[in-house]
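The block underneath contains the structure these notes are about, expressed in structure tokens.
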Amino acid sequence: MRSFGIGLLGLGTVGRGVYRVLEKNSELIAARLGARLEVAKILVRDPNRDRGIPVPPDKLTTDPRAVIEHPAVDIVVEVMGGVEPTRRYVEQALAQGKMVVTANKDLLSLHGKELFDVAAAAGTDLFFEASVAGGIPIIKILKESLAANRIQGITGIINGTTNYILTRMEEADLDFALALKEAQAHGYAEADPRSDIDGLDAARKIAILASIAFNSRVTFPEVYTEGISRIEPTDIKYARELGYAIKLLALAQETEQGLQVRVHPTLVSQKHPLASVRGVFNAVFVRGDAVGETMFYGQGAGELPTASAVTGDIIAAARQLLHGVKGMWRCTCFEQKPLLPIEANESSFYLRLRALDRPGVLAGIAAAFGRHEVSLAAVTQKTTGEVADLVLVTHRVREASLRAAEAELQKLPTVAAVANVIRVLEE
């Protein structure tokens with residue numbers, strides 16, 4: 001039976017998981033693949049560090065060239081993370097014609113096109129299933145299973161940390177700070193959680209998915225992003241009373257004018273499948289012209305779910321090598337579609353205002369909305385007192401009009417604060 005050598009760049013959480021899966025399931029993988037996979041060399045910072053798994057010392061190195069240029073390494077697996085020097089290592093491996101597997105969303109959301117160009121020039125392939133949604137095989141689904149479809153839209157919960165925080169805020173009536181602290185205690189959030197709670201992690205992932213789905217390059221800096229730190233238990237309570245759950249959604253859709261790609265908190269109807277996605281789980285809802293509506297659900301992060309996706313890519317790369325086929329996966333960003341600004345978005349909105357509780361106030365607020373052609377679908381006064389909570393839900397409106405109305409509301413002497421504005425997902 002033939003054998004293919006694996007070179008690991010990194011042996012952190014994901015790298016350790018990949019090594020474990022390759023060792024534990026080696027016989028099963030060999031039987032399914034028809035070839036053996038052997039880890040030949042591993043790049044680490046400290047060869048003496050205890051990683052909780054038995055690794056022969058002669059496999060470890062602190063020299064990246066010892067992995068990339070090793071004659072027995074056929075597939076280079078990048079699980080280091082970060083952009084530099086990772087990009088350089090990946091480019092070097094691809095330029096040598098080696099198959100490369102990566103889980104690096106940061107790298108791909110910024111430099112994916114350049115890396116695919118290097119792979120194409122060298123006649124090899126770059127695999128990246130684990131870069132989005134962990135154990136959910138969404139990249140393969142978009143590139144292969146749904147390749148006959150014109151994808152119309154992608155809506156996803158693709159950050160488990162924020163979904164856990166919002167779930168705990170709803171279930172236990174926690175405020176944001178306490179729910180975040182709990183997520184950190186469980187290891188779901190980093191000590192510096194900004195990438196998650198500010199929506200940046202989800203933005204990187206939706207940039208990758210949108211690029212594949214719509215055949216047009218979308219980079220991370222182009223994605224409109226809002227985080228969840230302004231969400232309060234009051235908003236979650238009022239949303240539930242209206243029949244919604246609040247989720248951090250990553251959305252990408254194609255319109256006649258161009259692409260809309262964005263990440264922000266959203267009211268999701270309790271009847272929608274995404275509303276039931278709780279805790280650290282991820283889900284991606286895809287709409288295609290032929291397949292209709294489909295949803296893919298599973299664990300979006302963690303050592304073994306991510307390792308599952310990485311190892312699946314390793315097996316796919318080895319299968320191509322086994323049959324003498326390389327350079328199959330060209331970059332699919334062969335179109336250039338404009339990316340629309342957030343002001344062009346149209347949706348319904350939830351607003352929570354703090355307004356004086358006296359006659360005529362609501363009429364003044366309604367008049368301000370009317371001057372900007374914002375139609376109200378529902379208005380409810382939730383509290384009483386000197387200053388009361390007003391909850392409003394608009395009909396579908398252009399974002400620019402809503403923001404103009406919001407700016408006018410901020411200036412009204414009867415409005416103490418526009419406490420929150422959240423978009424509503426249309427069913």
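Within each chain, counting starts at residue 1; across the structure tokens, chains are named A, B, ... in the order shown, with ligands numbered 1 upward in that order.
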
| said: I want to know what sits within 10 Å of Ser276 in chain A, based on only C-alpha atoms, with residues of the same chain fewer than 6 positions away left out; could you give that as a PyMOL selection string? | reply: chain A and resi 167+245+268-270+283

Counting only C-alpha atoms, give me one row per residue of range 240-291 of chain A with an atom at most 9 Å from an atom of range 333-348 of chain A, showing the shortest contact pair and its distance in Å to one decimal, sorted by chain then residue number, as CSV.
```
residue,atom,partner,partner_atom,distance
A:Gln257,CA,A:Pro338,CA,7.6
A:Gly258,CA,A:Pro338,CA,5.0
A:Leu259,CA,A:Leu339,CA,4.7
A:Gln260,CA,A:Leu340,CA,5.5
A:Val261,CA,A:Leu339,CA,7.5
A:Arg262,CA,A:Ile342,CA,7.8
```

| query | For Lys105 in chain A, which residue among A:Ile206, A:Ala183, A:Met295, A:Leu248 is the nearest when counting only C-alpha atoms? | reply |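 The closest residue to Lys105 in chain A is A:Ile206.
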
| message | Nearest residue to Asp117 in chain A out of A:Ile53, A:Ala203, A:Ile231, A:Cys331, using only C-alpha atoms? | response |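 Looking only at the distances to Asp117 in chain A, the closest residue turns out to be A:Cys331.
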
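When the distance limit is 7 Å and only C-alpha atoms are what count, the residues near Val415 in chain A, minus those fewer than 3 positions from it on the same chain, are Arg354, Ala355, Leu356, Leu409, Gln410 and Leu412 of chain A.
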
| task | Have a look at A:Ile68, A:Leu267, A:Val100, A:Leu107 and name the one nearest to Thr86 in chain A; count only C-alpha atoms. | result |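 Nearest to Thr86 in chain A: A:Leu107.
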
| query | Of the residues A:Ala405, A:Leu390, A:Leu60, A:Val277, which is the one nearest to Ala368 in chain A, using only C-alpha atoms? | reply | A:Ala405

| CA of Leu11 in chain A to CA of Ala318 in chain A, distance in Å rounded to a single decimal |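 About the pair CA of Leu11 in chain A and CA of Ala318 in chain A: they are 20.7 Å apart.
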
| Every residue of range 197-348 of chain A that DSSP places in strand (DSSP E or B), as a VMD selection string | chain A and resid 216 224 to 225 244 to 254 259 to 269 281 to 288 292 to 299 335 339 346 to 348

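Considering only C-alpha atoms, the residue among A:Ala93, A:Ala147, A:Leu126, A:Ile138 positioned nearest to Trp329 in chain A is A:Leu126.
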